[in-house]
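Student: My structure is stored as entry-v4.txt, with compact mmCIF, C-alpha atoms.
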```
# COMPACT_ATOMS: atom_id res chain seq x y z
CA MET A 1 0.00 0.00 0.00
CA ARG A 2 1.25 3.45 -0.92
CA ALA A 3 1.70 6.15 1.70
CA ASP A 4 -0.68 8.49 -0.15
CA GLY A 5 -3.38 6.11 -1.36
CA LYS A 6 -5.09 2.76 -1.23
CA ARG A 7 -5.13 0.31 -4.14
CA LEU A 8 -8.50 -0.12 -5.80
CA LYS A 9 -9.43 -3.74 -6.45
CA LYS A 10 -12.83 -3.46 -8.15
CA VAL A 11 -12.02 -1.38 -11.20
CA ASP A 12 -13.96 -1.62 -14.47
CA PRO A 13 -11.92 -3.97 -16.71
CA MET A 14 -12.09 -1.40 -19.52
CA TYR A 15 -10.15 1.10 -17.39
CA THR A 16 -7.69 -1.54 -16.21
CA VAL A 17 -6.85 -2.34 -19.83
CA ALA A 18 -6.75 1.38 -20.67
CA SER A 19 -4.03 1.87 -18.03
CA TYR A 20 -1.82 -0.58 -19.88
CA ILE A 21 -2.59 0.79 -23.34
CA MET A 22 -2.10 4.39 -22.16
CA SER A 23 0.60 3.82 -19.59
CA SER A 24 1.48 7.51 -19.11
CA ARG A 25 -0.62 10.56 -18.28
CA SER A 26 0.73 12.44 -21.28
CA ASP A 27 -0.89 9.70 -23.40
CA SER A 28 -4.24 9.76 -21.60
CA MET A 29 -4.99 13.48 -21.26
CA ASN A 30 -8.42 14.84 -22.18
CA MET A 31 -8.98 18.60 -22.23
CA ILE A 32 -12.02 20.85 -21.98
CA THR A 33 -12.85 24.48 -21.22
CA LEU A 34 -15.42 25.27 -18.54
CA ASP A 35 -16.90 28.77 -18.75
CA ILE A 36 -17.97 29.68 -15.23
CA PRO A 37 -20.36 32.69 -15.02
CA TYR A 38 -18.51 35.65 -13.52
CA ASP A 39 -21.40 37.60 -11.97
CA PRO A 40 -22.59 35.06 -9.33
CA ILE A 41 -19.06 34.72 -7.95
CA GLN A 42 -18.35 38.46 -8.05
CA ASP A 43 -21.70 39.32 -6.44
CA TYR A 44 -20.92 36.88 -3.66
CA LEU A 45 -17.42 38.33 -3.11
CA ASN A 46 -18.81 41.89 -3.03
CA LYS A 47 -21.39 40.81 -0.46
CA LYS A 48 -18.70 39.22 1.73
CA ARG A 49 -16.51 42.35 1.49
CA LYS A 50 -19.39 44.40 2.89
CA GLU A 51 -19.32 41.94 5.79
CA GLU A 52 -15.54 42.60 6.06
CA LYS A 53 -14.68 39.12 4.76
CA ASN A 54 -12.27 39.28 1.84
CA ILE A 55 -12.77 36.01 -0.01
CA SER A 56 -10.81 35.40 -3.22
CA HIS A 57 -11.93 33.97 -6.57
CA MET A 58 -9.38 31.21 -6.02
CA ALA A 59 -11.03 30.26 -2.73
CA VAL A 60 -14.41 29.91 -4.46
CA ILE A 61 -13.01 27.70 -7.22
CA ILE A 62 -10.95 25.44 -4.95
CA SER A 63 -13.84 25.19 -2.47
CA ALA A 64 -16.23 24.24 -5.27
CA TYR A 65 -13.81 21.61 -6.52
CA LEU A 66 -13.22 20.04 -3.09
CA ARG A 67 -16.96 20.03 -2.37
CA THR A 68 -17.45 18.20 -5.67
CA VAL A 69 -14.77 15.69 -4.64
CA ALA A 70 -16.71 15.10 -1.42
CA GLU A 71 -19.65 13.93 -3.54
CA PHE A 72 -17.66 12.33 -6.36
CA PRO A 73 -14.67 10.65 -4.67
CA GLU A 74 -13.54 9.11 -7.96
CA LEU A 75 -12.10 12.56 -8.73
CA ASN A 76 -9.49 11.89 -6.07
CA ARG A 77 -8.14 8.75 -7.75
CA PHE A 78 -4.81 8.40 -9.50
CA ILE A 79 -2.94 5.88 -11.63
CA VAL A 80 0.63 4.72 -10.94
CA ASN A 81 2.31 1.79 -12.69
CA CYS A 82 -0.98 0.92 -14.44
CA LYS A 83 -2.75 0.50 -11.09
CA ALA A 84 -5.62 2.62 -9.73
CA TYR A 85 -5.53 4.14 -6.25
CA ALA A 86 -7.87 6.18 -4.06
CA ARG A 87 -5.96 9.10 -2.57
CA ASN A 88 -6.13 9.37 1.22
CA GLU A 89 -5.49 13.13 1.36
CA TYR A 90 -6.65 16.35 -0.31
CA ALA A 91 -3.77 18.41 -1.65
CA VAL A 92 -3.77 21.26 -4.18
CA ALA A 93 -0.54 22.31 -5.89
CA MET A 94 -0.11 25.93 -6.95
CA VAL A 95 2.68 28.25 -8.09
CA VAL A 96 3.19 31.40 -6.02
CA LEU A 97 4.93 34.32 -7.73
CA SER A 98 7.36 36.34 -5.65
CA GLY A 99 5.95 39.64 -6.89
CA ALA A 100 9.40 40.74 -8.04
CA LYS A 101 9.98 42.15 -11.52
CA ASN A 102 11.44 38.88 -12.75
CA ASP A 103 8.22 37.11 -11.70
CA GLN A 104 10.08 34.19 -10.21
CA GLY A 105 7.92 31.77 -8.33
CA THR A 106 7.89 28.68 -6.20
CA MET A 107 5.58 25.68 -6.37
CA SER A 108 4.39 23.60 -3.47
CA LYS A 109 0.99 22.43 -2.27
CA MET A 110 -1.72 23.10 0.28
CA TYR A 111 -3.47 20.45 2.34
CA PHE A 112 -7.19 20.64 3.02
CA ASP A 113 -9.76 18.73 5.02
CA ILE A 114 -12.75 17.54 3.01
CA ASN A 115 -15.03 19.17 5.63
CA ASP A 116 -13.42 22.61 5.22
CA THR A 117 -15.77 25.52 4.50
CA ILE A 118 -14.94 28.30 2.06
CA PHE A 119 -13.72 30.39 5.01
CA ASP A 120 -11.30 27.65 6.11
CA ILE A 121 -10.05 27.23 2.55
CA ASP A 122 -9.59 30.97 1.98
CA LYS A 123 -7.48 31.23 5.16
CA LYS A 124 -5.31 28.26 4.15
CA ILE A 125 -4.74 29.79 0.70
CA ASN A 126 -3.73 33.14 2.22
CA ASP A 127 -1.40 31.47 4.72
CA TYR A 128 0.17 29.40 1.93
CA VAL A 129 0.71 32.40 -0.37
CA ASN A 130 2.13 34.59 2.40
CA ALA A 131 4.48 31.88 3.65
CA ASN A 132 5.85 31.20 0.17
CA ARG A 133 6.32 34.88 -0.63
CA GLU A 134 7.93 35.83 2.67
CA ALA A 135 10.20 32.79 3.12
CA PRO A 136 10.29 30.61 -0.01
CA GLU A 137 13.52 29.02 1.19
CA LYS A 138 11.48 27.23 3.90
CA ASN A 139 9.35 25.59 1.23
CA GLY A 140 9.98 21.83 1.29
CA THR A 141 10.05 21.69 -2.51
CA GLU A 142 12.74 24.39 -2.65
CA LYS A 143 14.79 22.55 -0.05
CA ILE A 144 14.82 19.28 -1.95
CA ILE A 145 15.63 21.07 -5.24
CA LYS A 146 18.61 22.83 -3.68
CA PHE A 147 19.80 19.54 -2.21
CA LEU A 148 19.58 17.73 -5.56
CA LEU A 149 21.49 20.53 -7.27
CA SER A 150 24.17 20.75 -4.58
CA VAL A 151 26.29 17.95 -6.04
CA PRO A 152 26.99 17.43 -9.78
CA GLY A 153 25.07 14.41 -11.07
CA LEU A 154 22.96 14.09 -7.92
CA CYS A 155 19.85 15.57 -9.57
CA ARG A 156 19.77 12.98 -12.36
CA PHE A 157 20.36 10.13 -9.90
CA GLY A 158 17.94 11.48 -7.28
CA VAL A 159 15.07 12.13 -9.68
CA GLY A 160 15.58 8.70 -11.27
CA LEU A 161 15.51 7.08 -7.83
CA PHE A 162 12.36 8.99 -6.83
CA LYS A 163 10.61 7.86 -10.03
CA LEU A 164 11.59 4.24 -9.42
CA LEU A 165 10.45 4.27 -5.79
CA ASP A 166 7.21 6.02 -6.72
CA ARG A 167 6.49 3.47 -9.45
CA TYR A 168 6.49 0.66 -6.89
CA GLY A 169 4.82 2.59 -4.06
CA LEU A 170 8.00 2.89 -1.99
CA LEU A 171 8.49 6.66 -2.06
CA PRO A 172 8.75 7.86 1.56
CA LYS A 173 5.88 9.98 2.89
CA PHE A 174 8.15 12.94 3.65
CA ILE A 175 9.17 13.09 -0.02
CA ILE A 176 5.53 12.87 -1.11
CA ASP A 177 4.69 15.70 1.30
CA MET A 178 7.36 17.91 -0.30
CA SER A 179 6.49 16.95 -3.86
CA PRO A 180 4.09 19.28 -5.73
CA PHE A 181 3.59 16.47 -8.27
CA HIS A 182 1.57 14.34 -5.83
CA ASN A 183 -1.76 16.12 -5.51
CA THR A 184 -5.53 16.09 -5.89
CA LEU A 185 -5.43 19.09 -8.23
CA CYS A 186 -2.76 21.25 -9.84
CA ILE A 187 -4.14 24.77 -10.34
CA SER A 188 -2.69 27.85 -12.07
CA ASN A 189 -4.06 31.38 -11.74
CA LEU A 190 -3.10 32.89 -15.09
CA ILE A 191 -5.19 36.01 -14.46
CA SER A 192 -2.34 37.11 -12.19
CA ILE A 193 -0.06 37.38 -15.24
CA ARG A 194 -2.87 38.70 -17.47
CA THR A 195 -3.04 35.81 -19.88
CA ASN A 196 -5.61 33.38 -21.20
CA HIS A 197 -6.33 29.93 -19.81
CA ILE A 198 -4.27 26.99 -21.02
CA TYR A 199 -4.55 23.22 -20.84
CA HIS A 200 -1.80 22.48 -18.34
CA HIS A 201 0.00 19.17 -18.69
CA ILE A 202 -0.42 16.63 -15.91
CA TYR A 203 2.94 15.19 -14.98
CA ASP A 204 3.93 11.60 -15.71
CA PHE A 205 5.84 11.65 -12.41
CA GLY A 206 3.68 11.74 -9.31
CA THR A 207 -0.08 11.39 -9.00
CA THR A 208 -1.63 14.49 -10.59
CA SER A 209 -4.86 13.46 -12.32
CA TYR A 210 -6.24 16.96 -12.94
CA GLY A 211 -4.78 20.27 -14.05
CA MET A 212 -6.82 23.47 -13.98
CA SER A 213 -5.90 26.96 -15.18
CA ILE A 214 -7.88 30.15 -14.61
CA GLY A 215 -7.64 32.57 -17.52
CA ASN A 216 -8.62 36.15 -18.37
CA HIS A 217 -12.31 36.88 -18.14
CA ARG A 218 -14.13 36.64 -21.45
CA PHE A 219 -17.62 36.90 -22.88
CA LYS A 220 -19.50 33.83 -24.10
CA THR A 221 -22.43 34.13 -26.47
CA GLU A 222 -25.16 31.53 -26.73
CA LYS A 223 -28.71 31.31 -28.03
CA LYS A 224 -31.47 31.06 -25.46
CA GLY A 225 -34.83 30.77 -27.18
CA ASP A 226 -35.02 33.56 -29.75
CA GLU A 227 -32.38 35.67 -28.02
CA ILE A 228 -28.60 35.79 -28.22
CA VAL A 229 -27.26 36.17 -24.68
CA CYS A 230 -23.75 37.41 -23.89
CA THR A 231 -22.38 36.30 -20.50
CA LYS A 232 -19.14 37.33 -18.78
CA THR A 233 -17.28 34.21 -17.72
CA ILE A 234 -14.19 32.93 -15.95
CA PRO A 235 -12.74 30.33 -18.35
CA LEU A 236 -11.13 27.29 -16.76
CA GLY A 237 -8.84 25.09 -18.83
CA LEU A 238 -9.19 21.58 -17.46
CA THR A 239 -6.93 18.62 -18.20
CA MET A 240 -7.99 15.16 -17.01
CA ASP A 241 -6.52 11.67 -16.88
CA GLU A 242 -9.21 9.73 -18.73
CA ARG A 243 -8.12 6.45 -17.14
CA ILE A 244 -9.78 7.59 -13.90
CA ALA A 245 -13.41 7.56 -15.00
CA SER A 246 -15.77 7.81 -17.96
CA GLY A 247 -16.60 10.96 -19.88
CA ALA A 248 -20.18 10.71 -18.63
CA PHE A 249 -18.92 10.69 -15.03
CA PHE A 250 -16.79 13.79 -15.62
CA ALA A 251 -19.75 15.59 -17.22
CA ILE A 252 -21.99 14.92 -14.20
CA ALA A 253 -19.29 15.79 -11.67
CA PHE A 254 -18.40 19.09 -13.30
CA LYS A 255 -22.05 20.08 -13.60
CA GLN A 256 -22.07 19.86 -9.81
CA PHE A 257 -18.83 21.87 -9.69
CA GLU A 258 -20.49 24.61 -11.78
CA LYS A 259 -23.48 24.54 -9.44
CA TYR A 260 -21.24 25.39 -6.48
CA CYS A 261 -19.46 28.12 -8.45
CA ASN A 262 -22.86 29.66 -9.22
CA ASN A 263 -23.97 29.39 -5.58
CA PRO A 264 -20.90 29.99 -3.35
CA GLU A 265 -23.16 30.38 -0.31
CA LEU A 266 -23.49 26.59 -0.31
CA LEU A 267 -19.77 26.39 0.49
CA GLU A 268 -20.09 28.30 3.76
CA VAL A 269 -21.14 25.16 5.63
CA LYS A 270 -19.58 21.72 5.85
CA PRO A 271 -20.76 19.13 3.31
CA GLU A 272 -23.89 17.32 4.41
CA LYS A 273 -22.31 14.02 3.46
CA VAL A 274 -18.85 12.87 2.38
CA VAL A 275 -19.08 9.90 0.01
CA GLN A 276 -16.40 7.22 0.27
CA ASP A 277 -14.89 5.76 -2.87
CA PRO A 278 -17.18 2.82 -3.72
CA ASN A 279 -14.30 0.61 -4.88
CA ILE A 280 -12.38 0.57 -1.60
```
Could I get this structure in the form of structure tokens?
Tutor:
Amino acid sequence: MRADGKRLKKVDPMYTVASYIMSSRSDSMNMITLDIPYDPIQDYLNKKRKEEKNISHMAVIISAYLRTVAEFPELNRFIVNCKAYARNEYAVAMVVLSGAKNDQGTMSKMYFDINDTIFDIDKKINDYVNANREAPEKNGTEKIIKFLLSVPGLCRFGVGLFKLLDRYGLLPKFIIDMSPFHNTLCISNLISIRTNHIYHHIYDFGTTSYGMSIGNHRFKTEKKGDEIVCTKTIPLGLTMDERIASGAFFAIAFKQFEKYCNNPELLEVKPEKVVQDPNI
């Protein structure tokens, strides 16, 4: 058993075979854009600011995603060495820019509890960003990078060893904790650098099954009855490992995700029920 997940025994044979046919994440990536309406989120944030609670857009999106995971635990699965696992933690990886002119940044991850409310999640995001901006050298990821680069040839050997140990479920927990490549979700806020959303790769090393990027706001036009409606949206570029679940499952799960983005008030309380992965 891995330190970060439990092996799933009752997996649909189609997905078991798919893991062997598409043995890497770069071979099994599906991509889609989700256009989340801007106004419901912004109205909610404006309301909270009047209550002297400064909630961020990022907090709404991560909260909505984690609440969806609480109802659709299959979203927290990952594939390693052609085997499916249910993750036993909730971690979100994110790059934090230093704010300097060279826009250098550091990447690590935040840990959440599945029962966290949007207020809990917003605080954890703020603490994470502040800690990585004020003292990035204390970041576990930065420490291990500096160690690997301290001796010529050590980086190639160390990374190769980590990949081998991870493949067979032997990577120590303290390495997993420092690794931004072992996570529930890898998210990028591209609005902060004023650019459009992208479809971020999900790394072959580690356990990332989903990548999400938040891009510049844009307007989406669609026909509703006899009218053409133009809606301001927050586009999310989503990359998924299709070996995790079916397209129909993803469609249902992300409809629920959109529901929470459109109604952030629902995220102010703990989930009524946390569903356990049915295949454990």
Student: Using only C-alpha atoms, pick whichever of A:Ile32, A:Ala18, A:Ile193, A:Ala64 has the shortest atom-to-atom distance to Phe250 of chain A.
Tutor: A:Ile32
Student: Using only C-alpha atoms, find the one residue out of A:Pro264, A:Pro271, A:Pro73, A:Pro13 that sits nearest to Ile55 of chain A.
Tutor: A:Pro264
Student: Can you measure atom CA of Asn183 of chain A to atom CA of Thr208 of chain A for me? One decimal in Å is fine.
Tutor: 5.3 Å
Student: Between A:Cys261, A:Val95, A:Leu165, A:Val17, which one has atoms that come closest to Ile234 of chain A, using only C-alpha atoms?
Tutor: A:Cys261
Student: Quick one: everything within 12 Å of Phe174 of chain A, counting only C-alpha atoms, minus sequence neighbours fewer than 5 positions away in the same chain. Send it as a ChimeraX atom specification.
Tutor: /A:3-4,140-141,144,162,179,182
Student: Up to 9 Å from (-22.0, 25.8, 0.1) in the file's coordinates: name the residues, counting only C-alpha atoms, as a PDB file with C-alpha atoms, keeping the file's coordinate frame.
Tutor:
```
ATOM      1  CA  SER A  63     -13.840  25.190  -2.470  1.00  0.00           C
ATOM      2  CA  ALA A  64     -16.230  24.240  -5.270  1.00  0.00           C
ATOM      3  CA  ARG A  67     -16.960  20.030  -2.370  1.00  0.00           C
ATOM      4  CA  THR A 117     -15.770  25.520   4.500  1.00  0.00           C
ATOM      5  CA  ILE A 118     -14.940  28.300   2.060  1.00  0.00           C
ATOM      6  CA  TYR A 260     -21.240  25.390  -6.480  1.00  0.00           C
ATOM      7  CA  ASN A 263     -23.970  29.390  -5.580  1.00  0.00           C
ATOM      8  CA  PRO A 264     -20.900  29.990  -3.350  1.00  0.00           C
ATOM      9  CA  GLU A 265     -23.160  30.380  -0.310  1.00  0.00           C
ATOM     10  CA  LEU A 266     -23.490  26.590  -0.310  1.00  0.00           C
ATOM     11  CA  LEU A 267     -19.770  26.390   0.490  1.00  0.00           C
ATOM     12  CA  GLU A 268     -20.090  28.300   3.760  1.00  0.00           C
ATOM     13  CA  VAL A 269     -21.140  25.160   5.630  1.00  0.00           C
ATOM     14  CA  LYS A 270     -19.580  21.720   5.850  1.00  0.00           C
ATOM     15  CA  PRO A 271     -20.760  19.130   3.310  1.00  0.00           C
TER      16      PRO A 271
END
```
Student: Counting all atoms listed in the file, figure out which residue out of A:Val69, A:Ala93, A:Leu236, A:Val159 gets nearest to Ile214 of chain A.
Tutor: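 Among the listed residues, the smallest separation from Ile214 of chain A belongs to A:Leu236.
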Student: List as a PyMOL selection string the protein and nucleic acid residues near Met58 of chain A, meaning an atom at most 12 Å away when all atoms listed in the file are counted, but skip any in the same chain fewer than 2 places from it.
Tutor: chain A and resi 41-42+45+54-56+60-65+92+94+118-119+121-126+129+187-192+212-215+234+236+261+264
Student: Which residues are close to Val275 of chain A, i.e. within 8 Å by all atoms listed in the file, leaving aside same-chain residues fewer than 5 positions away? Reply as JSON, numbers by chain.
Tutor: {"A": [70, 71, 72, 73]}
Student: Which of these, A:His57, A:Lys50, A:Arg156, A:Arg77, has the shortest distance to Asn279 of chain A once you count only C-alpha atoms?
Tutor: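 When distances to Asn279 of chain A are compared using only C-alpha atoms, the smallest one comes from A:Arg77.
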Student: Just give me the gap between atom CA of Ile176 of chain A and atom CA of Asp204 of chain A in Å, one decimal is fine.
Tutor: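 Value for the atom CA of Ile176 of chain A-atom CA of Asp204 of chain A distance: 14.7 Å.
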Student: Counting all atoms listed in the file, which residues sit no farther than 6 Å from the position (-5.0, 22.5, 0.5) in the file's frame? I'd like them as a list in words.
Tutor: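 Output of the proximity query reads Ala91, Val92, Met110, Tyr111 and Phe112 of chain A.
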Student: Could you tell me how far atom CA of Ile202 of chain A lies from atom CA of Lys10 of chain A, in Å and to one decimal?
Tutor: 24.9 Å
Student: As a VMD selection string, please: the residues near Val229 of chain A (cut-off 12 Å, all atoms listed in the file, same-chain neighbours under 5 positions excluded).
Tutor: chain A and resid 219 to 224
Student: At a cut-off of 7 Å, using all atoms listed in the file, what residues contact Ile36 of chain A? Leave out same-chain residues fewer than 4 positions from it and give the result as a list in words.
Tutor: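 Selected residues are Thr233, Ile234, Pro235 and Glu258 of chain A.
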Student: Can segment 163-184 of chain A be brought up to N, CA and C atoms and written out as a compact mmCIF listing (two decimals), in the coordinates of the input?
Tutor:
```
# COMPACT_ATOMS: atom_id res chain seq x y z
N LYS A 163 11.56 8.43 -9.07
CA LYS A 163 10.61 7.86 -10.03
C LYS A 163 10.48 6.35 -9.85
N LEU A 164 11.61 5.69 -9.61
CA LEU A 164 11.59 4.24 -9.42
C LEU A 164 10.84 3.86 -8.15
N LEU A 165 11.13 4.55 -7.06
CA LEU A 165 10.45 4.27 -5.79
C LEU A 165 8.96 4.57 -5.89
N ASP A 166 8.62 5.65 -6.58
CA ASP A 166 7.21 6.02 -6.72
C ASP A 166 6.46 4.99 -7.55
N ARG A 167 7.11 4.47 -8.56
CA ARG A 167 6.49 3.47 -9.45
C ARG A 167 6.04 2.24 -8.66
N TYR A 168 6.81 1.87 -7.65
CA TYR A 168 6.49 0.66 -6.89
C TYR A 168 5.91 0.97 -5.51
N GLY A 169 5.48 2.22 -5.30
CA GLY A 169 4.82 2.59 -4.06
C GLY A 169 5.72 2.66 -2.85
N LEU A 170 7.02 2.89 -3.08
CA LEU A 170 8.00 2.89 -1.99
C LEU A 170 8.53 4.28 -1.67
N LEU A 171 8.01 5.31 -2.33
CA LEU A 171 8.49 6.66 -2.06
C LEU A 171 8.10 7.08 -0.65
N PRO A 172 9.07 7.50 0.17
CA PRO A 172 8.75 7.86 1.56
C PRO A 172 7.73 8.99 1.65
N LYS A 173 6.93 8.98 2.71
CA LYS A 173 5.88 9.98 2.89
C LYS A 173 6.45 11.39 2.94
N PHE A 174 7.62 11.58 3.53
CA PHE A 174 8.15 12.94 3.65
C PHE A 174 8.54 13.50 2.28
N ILE A 175 8.90 12.64 1.34
CA ILE A 175 9.17 13.09 -0.02
C ILE A 175 7.86 13.44 -0.72
N ILE A 176 6.84 12.60 -0.54
CA ILE A 176 5.53 12.87 -1.11
C ILE A 176 4.99 14.20 -0.59
N ASP A 177 5.17 14.46 0.70
CA ASP A 177 4.69 15.70 1.30
C ASP A 177 5.37 16.93 0.68
N MET A 178 6.63 16.79 0.29
CA MET A 178 7.36 17.91 -0.30
C MET A 178 7.16 18.02 -1.80
N SER A 179 6.63 16.98 -2.40
CA SER A 179 6.49 16.95 -3.86
C SER A 179 5.21 17.64 -4.32
N PRO A 180 5.31 18.65 -5.19
CA PRO A 180 4.09 19.28 -5.73
C PRO A 180 3.46 18.45 -6.83
N PHE A 181 4.10 17.32 -7.19
CA PHE A 181 3.59 16.47 -8.27
C PHE A 181 2.67 15.36 -7.76
N HIS A 182 2.48 15.30 -6.44
CA HIS A 182 1.57 14.34 -5.83
C HIS A 182 0.41 15.13 -5.23
N ASN A 183 -0.70 15.22 -5.95
CA ASN A 183 -1.76 16.12 -5.51
C ASN A 183 -3.13 15.71 -6.05
N THR A 184 -4.15 16.26 -5.44
CA THR A 184 -5.53 16.09 -5.89
C THR A 184 -5.79 16.93 -7.13
```
